[in-house]
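Asker: Sharing model11.pdb, PDB, C-alpha atoms:
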ATOM      1  CA  MET O  20      89.271 112.064 110.649
ATOM      2  CA  LYS O  21      92.169 110.444 112.508
ATOM      3  CA  SER O  22      95.260 108.808 111.076
ATOM      4  CA  HIS O  23      97.847 106.430 112.486
ATOM      5  CA  ARG O  24     101.222 105.581 110.923
ATOM      6  CA  GLU O  25     103.437 102.732 112.029
ATOM      7  CA  GLU O  26     106.409 100.845 110.600
ATOM      8  CA  LEU O  27     106.873  97.108 111.026
ATOM      9  CA  TRP O  28     110.490  95.940 110.842
ATOM     10  CA  PHE O  29     111.709  92.466 109.962
ATOM     11  CA  GLU O  30     115.074  90.718 110.049
ATOM     12  CA  VAL O  31     114.720  88.413 107.077
ATOM     13  CA  ARG O  32     117.345  85.685 107.404
ATOM     14  CA  GLN O  33     116.924  84.116 103.972
ATOM     15  CA  ARG O  34     116.636  85.386 100.430
ATOM     16  CA  ARG O  35     112.938  84.555 100.070
ATOM     17  CA  GLN O  36     110.344  84.257 102.795
ATOM     18  CA  LEU O  37     106.612  84.773 103.330
ATOM     19  CA  ILE O  38     105.658  86.210 106.723
ATOM     20  CA  ASN O  39     102.095  86.420 108.040
ATOM     21  CA  ILE O  40     101.911  89.993 109.362
ATOM     22  CA  THR O  41      98.189  89.990 110.169
ATOM     23  CA  PRO O  42      98.734  90.010 113.974
ATOM     24  CA  ASP O  43     101.158  92.963 113.631
ATOM     25  CA  VAL O  44      98.643  94.938 111.556
ATOM     26  CA  GLU O  45      95.863  94.088 114.026
ATOM     27  CA  ARG O  46      98.023  95.438 116.893
ATOM     28  CA  ALA O  47      98.625  98.656 114.928
ATOM     29  CA  LEU O  48      94.880  98.981 114.341
ATOM     30  CA  ALA O  49      94.149  98.504 118.054
ATOM     31  CA  LYS O  50      96.729 101.205 118.918
ATOM     32  CA  SER O  51      95.173 103.598 116.405
ATOM     33  CA  GLY O  52      91.776 103.616 118.114
ATOM     34  CA  ILE O  53      90.139 103.840 114.686
ATOM     35  CA  ARG O  54      86.843 101.955 114.470
ATOM     36  CA  GLU O  55      85.728 102.727 110.885
ATOM     37  CA  GLY O  56      88.043 103.467 108.001
ATOM     38  CA  LEU O  57      90.787 102.024 105.824
ATOM     39  CA  CYS O  58      94.095 100.341 106.534
ATOM     40  CA  LEU O  59      96.891 100.541 103.962
ATOM     41  CA  VAL O  60      99.794  98.118 104.316
ATOM     42  CA  ASN O  61     102.697  98.458 101.884
ATOM     43  CA  ALA O  62     106.208  97.180 101.439
ATOM     44  CA  MET O  63     108.846  99.903 101.691
ATOM     45  CA  HIS O  64     111.353  98.010  99.538
ATOM     46  CA  ILE O  65     111.283  97.524  95.771
ATOM     47  CA  SER O  66     112.125  93.811  96.108
ATOM     48  CA  ALA O  67     109.361  92.925  98.584
ATOM     49  CA  SER O  68     105.586  92.587  98.460
ATOM     50  CA  VAL O  69     102.487  92.800 100.618
ATOM     51  CA  PHE O  70      99.508  90.701  99.565
ATOM     52  CA  ILE O  71      96.421  88.946 100.926
ATOM     53  CA  ASN O  72      95.859  85.220 100.700
ATOM     54  CA  ASP O  73      95.375  82.017 102.699
ATOM     55  CA  ASP O  74      97.891  81.003 105.384
ATOM     56  CA  GLU O  75      98.416  77.485 104.083
ATOM     57  CA  ARG O  76     101.878  75.906 103.787
ATOM     58  CA  GLY O  77     101.119  74.088 100.510
ATOM     59  CA  LEU O  78      99.931  77.315  98.897
ATOM     60  CA  HIS O  79     103.106  79.078 100.023
ATOM     61  CA  ALA O  80     105.197  76.332  98.393
ATOM     62  CA  ASP O  81     103.092  76.757  95.239
ATOM     63  CA  PHE O  82     103.838  80.509  95.248
ATOM     64  CA  GLU O  83     107.565  79.769  95.515
ATOM     65  CA  ARG O  84     107.520  77.313  92.587
ATOM     66  CA  TRP O  85     105.296  79.552  90.457
ATOM     67  CA  LEU O  86     107.390  82.681  91.042
ATOM     68  CA  GLU O  87     110.611  80.783  90.277
ATOM     69  CA  LYS O  88     109.125  79.662  86.946
ATOM     70  CA  LEU O  89     108.068  83.214  86.062
ATOM     71  CA  ALA O  90     111.236  84.978  87.294
ATOM     72  CA  PRO O  91     113.985  82.476  88.118
ATOM     73  CA  GLU O  92     116.775  83.732  90.355
ATOM     74  CA  GLU O  93     119.521  82.081  88.284
ATOM     75  CA  PRO O  94     121.351  82.443  86.081
ATOM     76  CA  HIS O  95     121.893  85.998  87.292
ATOM     77  CA  ALA O  96     123.376  86.953  83.909
ATOM     78  CA  GLN O  97     119.972  86.530  82.206
ATOM     79  CA  TYR O  98     118.901  89.938  83.541
ATOM     80  CA  ALA O  99     120.100  93.316  82.246
ATOM     81  CA  HIS O 100     119.528  94.767  85.742
ATOM     82  CA  ASN O 101     122.090  92.423  87.287
ATOM     83  CA  VAL O 102     125.187  94.492  86.563
ATOM     84  CA  GLY O 103     126.870  94.548  89.968
ATOM     85  CA  GLU O 104     123.643  93.190  91.505
ATOM     86  CA  ASP O 105     121.890  89.846  91.661
ATOM     87  CA  ASN O 106     118.289  90.744  92.520
ATOM     88  CA  ALA O 107     116.480  91.426  89.235
ATOM     89  CA  ASP O 108     114.290  88.400  89.892
ATOM     90  CA  ALA O 109     113.216  89.938  93.222
ATOM     91  CA  HIS O 110     112.042  93.110  91.464
ATOM     92  CA  LEU O 111     109.989  91.046  89.022
ATOM     93  CA  LYS O 112     108.512  88.871  91.783
ATOM     94  CA  ARG O 113     107.456  92.002  93.651
ATOM     95  CA  THR O 114     105.696  93.313  90.556
ATOM     96  CA  ILE O 115     103.806  90.028  90.203
ATOM     97  CA  MET O 116     102.760  89.818  93.883
ATOM     98  CA  GLY O 117     102.000  93.518  94.349
ATOM     99  CA  ARG O 118     103.185  96.409  96.506
ATOM    100  CA  GLU O 119     100.318  96.932  98.951
ATOM    101  CA  VAL O 120      96.886  96.034 100.225
ATOM    102  CA  VAL O 121      94.019  98.131 101.536
ATOM    103  CA  VAL O 122      91.641  96.536 104.024
ATOM    104  CA  ALA O 123      88.396  98.051 105.280
ATOM    105  CA  VAL O 124      88.162  98.670 109.017
ATOM    106  CA  THR O 125      84.723  97.915 110.448
ATOM    107  CA  ALA O 126      83.851  98.061 114.147
ATOM    108  CA  GLY O 127      87.563  98.308 115.000
ATOM    109  CA  ARG O 128      88.559  95.143 113.116
ATOM    110  CA  LEU O 129      90.102  94.318 109.763
ATOM    111  CA  ASP O 130      87.150  93.409 107.538
ATOM    112  CA  PHE O 131      88.433  90.217 105.894
ATOM    113  CA  GLY O 132      86.748  87.540 103.855
ATOM    114  CA  PRO O 133      87.074  83.912 104.945
ATOM    115  CA  TRP O 134      90.696  82.741 105.310
ATOM    116  CA  GLU O 135      92.196  86.105 104.280
ATOM    117  CA  GLN O 136      95.475  87.063 105.931
ATOM    118  CA  ILE O 137      98.078  89.756 105.151
ATOM    119  CA  PHE O 138     101.542  88.591 104.103
ATOM    120  CA  TYR O 139     104.898  90.235 103.651
ATOM    121  CA  GLY O 140     106.708  88.571 100.765
ATOM    122  CA  GLU O 141     110.482  89.005 100.837
ATOM    123  CA  PHE O 142     112.334  88.203  97.609
ATOM    124  CA  ASP O 143     115.792  89.667  98.362
ATOM    125  CA  GLY O 144     116.317  89.258 102.097
ATOM    126  CA  LEU O 145     119.286  88.764 104.370
ATOM    127  CA  ARG O 146     118.884  92.244 105.820
ATOM    128  CA  ARG O 147     116.494  94.418 107.807
ATOM    129  CA  LYS O 148     113.303  95.392 105.947
ATOM    130  CA  ARG O 149     110.161  97.391 106.754
ATOM    131  CA  VAL O 150     106.469  97.677 106.017
ATOM    132  CA  LEU O 151     104.328 100.797 106.386
ATOM    133  CA  VAL O 152     100.913 100.588 108.048
ATOM    134  CA  LYS O 153      98.733 103.701 107.553
ATOM    135  CA  ILE O 154      95.244 103.710 109.035
ATOM    136  CA  ILE O 155      92.705 106.490 108.443
ATOM    137  CA  GLY O 156      89.182 106.894 109.703
ATOM    138  CA  GLU O 157      87.119 107.644 112.776
TER     139      GLU O 157
END
Is it possible to express this structure as structure tokens?
Answerer:
Amino acid sequence: MKSHREELWFEVRQRRQLINITPDVERALAKSGIREGLCLVNAMHISASVFINDDERGLHADFERWLEKLAPEEPHAQYAHNVGEDNADAHLKRTIMGREVVVAVTAGRLDFGPWEQIFYGEFDGLRRKRVLVKIIGE
């Protein structure tokens, strides 16, 4: 069995942002040479997420509104974690949206259902962040 490890780096210029990373993961898969196996993609930061969904602007706006209702950023003082920090909401949003995804690799391609794409969800940006891609198989 072969394995391939790669890090994707992002300069996130706002506090919250959703980034479609499917093309980046597909490039990593092509580099790996793996034709059958599994591809793990996970956020390497406790205030960020990796998830699969549709790449549709209205849905992304719905995610933003929904997450703000569940874990509003302000007031910062509402969170016990925010002593000297202001990102407790980002930790909660990450827990809701998930840490990683695993996608089957079939015939050298990510084996998605209709409309599925991989997203990096940043909830405490304004700095450089990374995602791990680990592909195993033959």
Asker: To test your reading of the syntax: which residues would the PyMOL selection byres ((chain O and resi 131-138) around 7) return for the file shown? Reply as a PyMOL selection string.
Answerer: chain O and resi 37-41+69-74+129-130+139-140
Asker: Quick one: pull the distance between CA of Gly127 in chain O and CA of Met63 in chain O, Å, one decimal.
Answerer: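 One can read the CA of Gly127 in chain O to CA of Met63 in chain O distance as 25.2 Å.
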Asker: Using the chain letters and residue numbers of this document, give as number ranges by chain the residues selected by the PyMOL selection byres ((chain O and resi 25-33) around 6).
Answerer: O: 24, 34-35, 144-152
Asker: If I take CA of Ser51 in chain O and CA of Val122 in chain O, how far is one from the other in Å, to one decimal?
Answerer: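 Rounded to one decimal, the two atoms are 14.7 Å apart.
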Asker: Just to confirm, what's the straight-line distance from CA of Leu59 in chain O to CA of Glu141 in chain O in Å (one decimal)?
Answerer: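 Answer for the CA of Leu59 in chain O to CA of Glu141 in chain O separation: 18.1 Å.
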Asker: For the file shown, report as a PyMOL selection string the outcome of the PyMOL selection byres ((chain O and resi 65) around 10) at residue level.
Answerer: chain O and resi 62-64+66-68+109-114+118+141-143
Asker: Find the residue from O:Arg54, O:Arg46, O:Lys88, O:Lys21 that sits nearest to Thr125 in chain O; use all atoms listed in the file when measuring.
Answerer: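 Of O:Arg54, O:Arg46, O:Lys88, O:Lys21, the one nearest Thr125 in chain O is O:Arg54, counting all atoms listed in the file.
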Asker: Find the residues near Leu57 in chain O: any atom within 7 Å, counting all atoms listed in the file, skip ones fewer than 2 places away on the same chain, and give them as a ChimeraX atom specification.
Answerer: /O:59,121-124,154-156
Asker: For each of O:Glu119, O:Leu89, O:Val44, O:Glu157, take the minimum atom-to-atom distance to Gly56 in chain O, counting all atoms listed in the file, then give the residue where this is smallest.
Answerer: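 Among the listed residues, O:Glu157 lies closest to Gly56 in chain O.
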Asker: Which residue gives the smallest distance to Leu86 in chain O among O:Glu104, O:Met116, O:Asn61, O:Ala47, with only C-alpha atoms counted?
Answerer: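 Nearest to Leu86 in chain O: O:Met116.
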Asker: Pick the closest to Glu92 in chain O from O:Asp105, O:Cys58, O:Leu48, O:Ile115: which is it, counting only C-alpha atoms?
Answerer: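 Checking each of O:Asp105, O:Cys58, O:Leu48, O:Ile115 against Glu92 in chain O, counting only C-alpha atoms, the winner is O:Asp105.
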Asker: Draw an axis-aligned box tight on the listed atoms of range 73-83 of chain O, then pad every side by 3 Å and write out centre and edge lengths in Å to one decimal as JSON.
Answerer:
{"center_x": 101.5, "center_y": 78.1, "center_z": 100.3, "size_x": 18.2, "size_y": 13.9, "size_z": 16.1}
